[in-house]
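Each remark here refers to the structure printed beneath this line.
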Amino acid sequence: MKRESWLHILAVSFQLGLTSFGGPAAHLGYFHEKYVKRKQWIDEASYADLVALCQFLPGPASSKVGIGIGFIRGGVIGAIMAWIGFTLPSAVALAFFAYLSQGWDVSNTGWLHGLKLAAVAIVAQAVWGMGKNLAPDRGRATIAIVTVAISLLLPSTYTQLTLIIAAGVLGLMIYKQSGKAMEKPVQALSPAYRRLAVCSLIVFVTLLFVLPMLRSFIPSIWLAMIDSFYRTGALVFGGGHVVLPLLEQEIMPMGWLSKEQLLAGYGASQAVPGPLFTFASYLGYMIHGWLGAVVATVAIFLPAFLLVLGALPFWNQLRSQPQTRGALTAINAAVVGILLAALYDPVWVTAVRTTGDFVLVLALFGALLFWKLPSWCMVFLSIGGGMLLAALQ
């Protein structure tokens with residue numbers, strides 16, 4: 001597999017960081033469009049397998065997928081470049097928002113609503129493409145539909161994880177004879193990378209247990225920040241929206257900022273592209289300025305980085321086995337169902353409110369699917385369409 005230059009990985013991920021609005025489900029749609037369809041850095045099945053792996057791991061799902069692709073295409077430095085590029089725009093924007101300390105309300109602006117509608121079209125296109133490839137027959141389509149139903153009827157932090165495990169067990173029974181070893185695995189990782197994986201997992205567990213002990217003996221605001229944000233990043237399942245209550249539990253007792261300031265920053269994090277975990281950049285700035293923003297951002301993303309580097313080499317070896325491919329056949333169908341459920345809630349229900357909204361979503365979907373417009377063009381079209389709809393109301 002051809003490796004990409006680190007600067008190229010940084011540039012591509014930075015473009016995604018500037019244009020990926022709409023939350024984790026939409027981010028996976030943007031990634032699918034950029035990394036799978038346009039750049040062809042990873043094939044359809046490998047992308048679905050990577051998404052399935054990241055659903056098992058705590059932390060920000062879309063960021064983990066981006067880190068994994070960066071690791072596949074450029075090693076450890078490539079993973080760092082992919083994380084920096086995707087994270088930097090929203091981290092800087094939210095830290096700057098904290099610097100300005102202005103609590104303006106952007107939640108009902110036309111341009112932001114247009115970006116939410118663009119997210120609907122992006123996720124719909126990803127579901128369309130992945131569904132055709134990963135759930136093309138009656139059996140796998142049924143798995144996807146059942147996954148959608150259970151995800152929506154029994155919403156829970158651990159529902160998706162349970163559904164993926166159940167799909168894997170079902171696939172192991174149903175598709176164990178049809179699972180075929182992959183002709184082209186994600187990457188033939190060297191023994192050095194496997195040793196790196198073991199070291200990453202050891203560091204992950206060590207920090208999780210050692211930081212609280214050090215914090216209890218050493219009265220340092222920096223150590224307290226690192227411990228709080230690292231533990232939050234290590235224990236969040238269910239995506240970026242779950243990070244608010246966990247960070248509230250960590251930060252409010254310390255008296256670092258008021259609840260009003262906490263909620264203002266969380267509201268602002270909904271208005272910027274990129275991962276919702278950059279909410280930590282806002283909090284870090286409010287606690288201790290620009291250096292605090294850097295420390296909080298690195299600390300909350302570090303667990304995801306260590307877990308991806310620790311799991312991906314073993315996952316690469318495991319997924320090449322015929323038995324595992326049988327399980328992944330069903331898991332990939334379940335991933336399509338999870339993405340389709342996310343298309344409805346929260347993406348559709350929070351964005352599409354009127355007939356005009358539906359028309360704009362349909363136009364954006366057609367522009368993506370048939371006209372193959374790039375993501376930056378979609379951003380401008382959605383902003384203009386959202387402002388037009390707001391003016392017509």
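Residue numbers start at 1 in each chain; chains themselves are named A, B, ... in the order of the structure tokens; ligands are numbered from 1 in the order shown.
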Using only C-alpha atoms, which residues of region 272-359 of chain A come within 7 Å of region 134-158 of chain A, and what is the closest atom pair for each, with the distance in Å to one decimal? Give it as JSON lines, sorted by chain and residue number.
```
{"residue": "A:Ala330", "atom": "CA", "partner": "A:Arg140", "partner_atom": "CA", "distance": 6.4}
{"residue": "A:Asn332", "atom": "CA", "partner": "A:Leu134", "partner_atom": "CA", "distance": 6.1}
{"residue": "A:Ala333", "atom": "CA", "partner": "A:Ala144", "partner_atom": "CA", "distance": 5.2}
{"residue": "A:Ala334", "atom": "CA", "partner": "A:Ala144", "partner_atom": "CA", "distance": 4.9}
{"residue": "A:Val336", "atom": "CA", "partner": "A:Ala144", "partner_atom": "CA", "distance": 6.0}
{"residue": "A:Gly337", "atom": "CA", "partner": "A:Ala144", "partner_atom": "CA", "distance": 4.1}
{"residue": "A:Ile338", "atom": "CA", "partner": "A:Val148", "partner_atom": "CA", "distance": 5.9}
{"residue": "A:Leu340", "atom": "CA", "partner": "A:Val148", "partner_atom": "CA", "distance": 6.5}
{"residue": "A:Ala341", "atom": "CA", "partner": "A:Val148", "partner_atom": "CA", "distance": 5.0}
```
Filtering to C-alpha atoms, could you give me those residues as a PDB file, in the first residue's frame?
```pdb
ATOM      1  CA  ALA A 330     -22.873  -9.041   9.931  1.00  0.00           C
ATOM      2  CA  ASN A 332     -20.732  -4.155   8.808  1.00  0.00           C
ATOM      3  CA  ALA A 333     -24.457  -4.495   8.110  1.00  0.00           C
ATOM      4  CA  ALA A 334     -25.122  -3.418  11.707  1.00  0.00           C
ATOM      5  CA  VAL A 336     -25.008   0.628   8.241  1.00  0.00           C
ATOM      6  CA  GLY A 337     -28.045   0.334  10.522  1.00  0.00           C
ATOM      7  CA  ILE A 338     -26.395   2.411  13.250  1.00  0.00           C
ATOM      8  CA  LEU A 340     -29.106   5.047   9.381  1.00  0.00           C
ATOM      9  CA  ALA A 341     -30.483   5.381  12.916  1.00  0.00           C
TER      10      ALA A 341
END
```
query: Neighbours of Asp227 (chain A) within 7 Å (only C-alpha atoms; same-chain residues fewer than 4 positions away dropped), as a ChimeraX atom specification?
result: /A:211-212,223,231
task: Identify, with DSSP run on backbone atoms, the residues in region 22-261 of chain A assigned to alpha helix (DSSP H), and express the list as JSON, numbers by chain.
output: {"A": [24, 25, 26, 27, 28, 29, 30, 31, 44, 45, 46, 47, 48, 49, 50, 51, 52, 53, 54, 55, 56, 61, 62, 63, 64, 65, 66, 67, 68, 69, 70, 71, 72, 73, 74, 75, 76, 77, 78, 79, 80, 81, 82, 83, 84, 85, 86, 87, 88, 89, 90, 91, 92, 93, 94, 95, 96, 97, 98, 99, 100, 110, 111, 112, 113, 114, 115, 116, 117, 118, 119, 120, 121, 122, 123, 124, 125, 126, 127, 128, 129, 130, 131, 132, 133, 134, 138, 139, 140, 141, 142, 143, 144, 145, 146, 147, 148, 149, 150, 151, 152, 153, 159, 160, 161, 162, 163, 164, 165, 166, 167, 168, 169, 170, 171, 172, 173, 174, 191, 192, 193, 194, 195, 196, 197, 198, 199, 200, 201, 202, 203, 204, 205, 206, 207, 208, 209, 210, 211, 212, 213, 214, 215, 216, 217, 221, 222, 223, 224, 225, 226, 227, 228, 229, 230, 231, 232, 233, 234, 235, 243, 244, 245, 246, 247, 248, 249, 250, 251, 259, 260, 261]}
Residue contacts of Gly274 (chain A) (12 Å, only C-alpha atoms) excluding same-chain residues fewer than 6 positions away, as JSON, numbers by chain: {"A": [13, 14, 15, 16, 17, 18, 19, 20, 21, 22, 23, 24, 25, 26, 27, 28, 30, 31, 60, 61, 62, 63, 66, 83, 84, 85, 86, 87, 88, 89, 90, 91, 92, 93, 94, 240]}
